[in-house]
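Scroll down for the structure; my scribbles are underneath it.
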Amino acid sequence: MTAEEFTHRLFPVKEKLFRFAYRLLGNKDDALDAVQDVYLKMWQIRSQLIEIKSIEAMMMTSTRNLCLDRLKRKSNKFETLDENYSKRNPDNQQPNLEHADLLHWVKKEMELLPEQQKSLLFLRDMEQLNFEEIAEITGFDLNYIRVNLSRARKRIRERIQEMTEFEMSRNPGG
């Protein structure tokens with residue numbers, strides 16, 4: 001594979017890899033380093049990439065594995081939701097304080113989920129990948145993915161309900 005072919009085939013997914021790495025690592029510089037390392041790895045095996053059915057899935061898997069290895073080494077926790085998301089997406093912005101508080105709270109709850117559930121939730125809900133793509137990236141069985149996504153969402157939903165009920169009991173008048 002020539003440098004031009006490499007650039008043409010692999011660079012279109014750079015932003016997607018960065019978003020994924022950023023969600024896992026929670027740090028822009030670490031995410032950029034991870035993406036650079038993935039591209040370096042791909043360059044080193046460029047002659048073998050011709051045989052790969054889905055280079056994007058391979059790169060997402062490599063990014064995931066690299067980030068999880070770094071997290072294990074650093075014992076870091078990643079941020080699942082980007083605090084600046086609504087600033088970059090004004091159509092989705094709800095300027096009220098309740099929304100900001102809820103977003104912060106959901107982010108905190110997601111931190112408490114097991115690593116695999118956090119990754120699956122990000123891939124499905126943030127990257128909007130289908131189950132087959134997630135299975136290809138993670139190597140997990142489709143049923144495992146569905147069950148763990150369901151458990152993660154249920155856990156967050158239950159915690160939001162508990163928080164809402166608690167707030168209503170503290171402030172019954174509104």
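Ordering of the structure tokens sets the chain letters (A, B, ...), residue numbers begin anew at 1 in every chain, and ligands are numbered from 1 in the order given.
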I'd like to know which residues of stretch 107-168 of chain A are alpha helix (DSSP H) (by DSSP, run on the backbone); could you write them as JSON, numbers by chain? {"A": [107, 108, 109, 110, 111, 115, 116, 117, 118, 119, 120, 121, 131, 132, 133, 134, 135, 136, 137, 138, 142, 143, 144, 145, 146, 147, 148, 149, 150, 151, 152, 153, 154, 155, 156, 157, 158, 159, 160, 161, 162, 163, 164, 165, 166, 167, 168]}
Pull N, CA and C atoms from the residues just selected and write them as a compact mmCIF listing (two decimals), in the first residue's frame.
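Result file follows (out_7.txt):
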# COMPACT_ATOMS: atom_id res chain seq x y z
N LYS A 107 -23.13 11.67 33.82
CA LYS A 107 -21.71 11.44 33.57
C LYS A 107 -21.06 10.75 34.77
N LYS A 108 -21.40 11.21 35.95
CA LYS A 108 -20.87 10.61 37.17
C LYS A 108 -21.34 9.16 37.32
N GLU A 109 -22.59 8.91 37.02
CA GLU A 109 -23.13 7.56 37.11
C GLU A 109 -22.47 6.63 36.08
N MET A 110 -22.21 7.16 34.91
CA MET A 110 -21.57 6.35 33.88
C MET A 110 -20.15 5.97 34.30
N GLU A 111 -19.51 6.84 35.06
CA GLU A 111 -18.16 6.55 35.57
C GLU A 111 -18.17 5.29 36.44
N GLU A 115 -16.03 -1.01 32.88
CA GLU A 115 -15.37 -0.52 31.67
C GLU A 115 -16.06 -0.99 30.39
N GLN A 116 -16.42 -2.27 30.34
CA GLN A 116 -17.03 -2.80 29.12
C GLN A 116 -18.37 -2.13 28.84
N GLN A 117 -19.16 -1.91 29.88
CA GLN A 117 -20.45 -1.27 29.68
C GLN A 117 -20.27 0.18 29.23
N LYS A 118 -19.28 0.87 29.78
CA LYS A 118 -19.00 2.24 29.35
C LYS A 118 -18.63 2.26 27.86
N SER A 119 -17.78 1.36 27.47
CA SER A 119 -17.36 1.30 26.06
C SER A 119 -18.54 1.00 25.15
N LEU A 120 -19.34 0.03 25.52
CA LEU A 120 -20.49 -0.35 24.71
C LEU A 120 -21.49 0.80 24.60
N LEU A 121 -21.74 1.46 25.71
CA LEU A 121 -22.67 2.59 25.73
C LEU A 121 -22.17 3.70 24.82
N PHE A 131 -25.19 -2.98 16.18
CA PHE A 131 -24.69 -4.06 17.02
C PHE A 131 -23.60 -4.88 16.33
N GLU A 132 -23.76 -5.09 15.03
CA GLU A 132 -22.76 -5.87 14.31
C GLU A 132 -21.41 -5.16 14.28
N GLU A 133 -21.44 -3.84 14.09
CA GLU A 133 -20.20 -3.07 14.09
C GLU A 133 -19.54 -3.11 15.47
N ILE A 134 -20.35 -3.00 16.50
CA ILE A 134 -19.82 -3.05 17.87
C ILE A 134 -19.21 -4.42 18.12
N ALA A 135 -19.88 -5.47 17.66
CA ALA A 135 -19.36 -6.83 17.85
C ALA A 135 -18.02 -6.98 17.14
N GLU A 136 -17.91 -6.41 15.95
CA GLU A 136 -16.67 -6.51 15.20
C GLU A 136 -15.54 -5.75 15.90
N ILE A 137 -15.85 -4.61 16.47
CA ILE A 137 -14.84 -3.79 17.15
C ILE A 137 -14.42 -4.42 18.47
N THR A 138 -15.39 -4.88 19.24
CA THR A 138 -15.08 -5.37 20.59
C THR A 138 -14.77 -6.85 20.66
N LEU A 142 -23.15 -10.76 20.11
CA LEU A 142 -24.28 -9.82 20.00
C LEU A 142 -25.16 -9.84 21.24
N ASN A 143 -25.46 -11.02 21.77
CA ASN A 143 -26.30 -11.10 22.96
C ASN A 143 -25.62 -10.45 24.16
N TYR A 144 -24.32 -10.66 24.28
CA TYR A 144 -23.55 -10.04 25.37
C TYR A 144 -23.65 -8.51 25.28
N ILE A 145 -23.54 -8.00 24.05
CA ILE A 145 -23.62 -6.55 23.85
C ILE A 145 -25.00 -6.04 24.25
N ARG A 146 -26.04 -6.70 23.76
CA ARG A 146 -27.40 -6.26 24.07
C ARG A 146 -27.69 -6.30 25.58
N VAL A 147 -27.29 -7.38 26.21
CA VAL A 147 -27.54 -7.54 27.65
C VAL A 147 -26.80 -6.46 28.44
N ASN A 148 -25.54 -6.22 28.12
CA ASN A 148 -24.77 -5.24 28.86
C ASN A 148 -25.21 -3.81 28.59
N LEU A 149 -25.64 -3.52 27.37
CA LEU A 149 -26.20 -2.19 27.10
C LEU A 149 -27.48 -1.99 27.90
N SER A 150 -28.31 -3.02 27.92
CA SER A 150 -29.55 -2.95 28.67
C SER A 150 -29.29 -2.73 30.16
N ARG A 151 -28.34 -3.46 30.69
CA ARG A 151 -28.00 -3.32 32.11
C ARG A 151 -27.45 -1.93 32.42
N ALA A 152 -26.61 -1.42 31.55
CA ALA A 152 -26.02 -0.09 31.76
C ALA A 152 -27.11 0.97 31.74
N ARG A 153 -27.97 0.90 30.74
CA ARG A 153 -29.05 1.89 30.63
C ARG A 153 -30.02 1.78 31.80
N LYS A 154 -30.34 0.56 32.19
CA LYS A 154 -31.25 0.35 33.31
C LYS A 154 -30.66 0.93 34.59
N ARG A 155 -29.38 0.71 34.81
CA ARG A 155 -28.71 1.23 36.01
C ARG A 155 -28.77 2.76 36.05
N ILE A 156 -28.48 3.38 34.93
CA ILE A 156 -28.51 4.84 34.87
C ILE A 156 -29.94 5.35 35.04
N ARG A 157 -30.88 4.70 34.38
CA ARG A 157 -32.29 5.09 34.49
C ARG A 157 -32.77 5.00 35.94
N GLU A 158 -32.43 3.90 36.63
CA GLU A 158 -32.82 3.72 38.02
C GLU A 158 -32.21 4.80 38.92
N ARG A 159 -30.96 5.11 38.68
CA ARG A 159 -30.28 6.13 39.50
C ARG A 159 -30.88 7.52 39.25
N ILE A 160 -31.26 7.82 37.99
CA ILE A 160 -31.90 9.10 37.70
C ILE A 160 -33.25 9.17 38.39
N GLN A 161 -33.97 8.06 38.36
CA GLN A 161 -35.27 8.03 39.02
C GLN A 161 -35.10 8.23 40.54
N GLU A 162 -34.12 7.57 41.12
CA GLU A 162 -33.86 7.74 42.56
C GLU A 162 -33.52 9.18 42.88
N MET A 163 -32.68 9.80 42.04
CA MET A 163 -32.29 11.18 42.26
C MET A 163 -33.50 12.10 42.14
N THR A 164 -34.32 11.88 41.13
CA THR A 164 -35.51 12.71 40.93
C THR A 164 -36.47 12.58 42.10
N GLU A 165 -36.70 11.36 42.55
CA GLU A 165 -37.59 11.14 43.70
C GLU A 165 -37.03 11.80 44.95
N PHE A 166 -35.73 11.73 45.14
CA PHE A 166 -35.09 12.36 46.30
C PHE A 166 -35.25 13.88 46.24
N GLU A 167 -35.01 14.46 45.06
CA GLU A 167 -35.14 15.90 44.91
C GLU A 167 -36.59 16.36 45.13
N MET A 168 -37.55 15.55 44.65
CA MET A 168 -38.96 15.91 44.82
C MET A 168 -39.35 15.82 46.29
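You can rank A:Ser47, A:Leu24, A:Val38, A:Ser62 by their closest distance to A:Glu5 using only C-alpha atoms, and at the top of that list sits A:Ser47.
Once A:Gln36 and its same-chain neighbours fewer than 3 positions away are set aside, A:Lys14, A:Leu17, A:Phe18, A:Asp30, A:Ala31, A:Leu32, A:Asp33, A:Tyr39, A:Leu40, A:Lys41, A:Met42, A:Thr63 remain within 10 Å of it when counting only C-alpha atoms.
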Best match for closeness to A:Lys72 among A:Leu129, A:Ala3, A:Ile52, A:Leu25, counting only C-alpha atoms: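 Among the listed residues, the smallest separation from A:Lys72 belongs to A:Leu25.
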If we count only C-alpha atoms, what is near A:Phe122 at a cut-off of 8 Å, once residues fewer than 3 positions away on the same chain are taken out, given as a PyMOL selection string? chain A and resi 20+23+80+118-119+125-127
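For the pair atom CA of A:Cys67 and atom CA of A:Ala21, the interatomic distance is 6.4 Å.
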From the list A:Ile55, A:Ala34, A:Leu113, A:Ile45, which residue is nearest A:Phe11 when using only C-alpha atoms?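 Among the listed residues, the smallest separation from A:Phe11 belongs to A:Ile55.
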If you measure from atom CA of A:His104 to atom CA of A:Arg64, what distance in Å do you get, rounded to one decimal? 24.1 Å
Using only C-alpha atoms, can you tell me which of A:Ala57, A:Trp105, A:Met1, A:Phe140 comes closest to A:Val13? A:Ala57
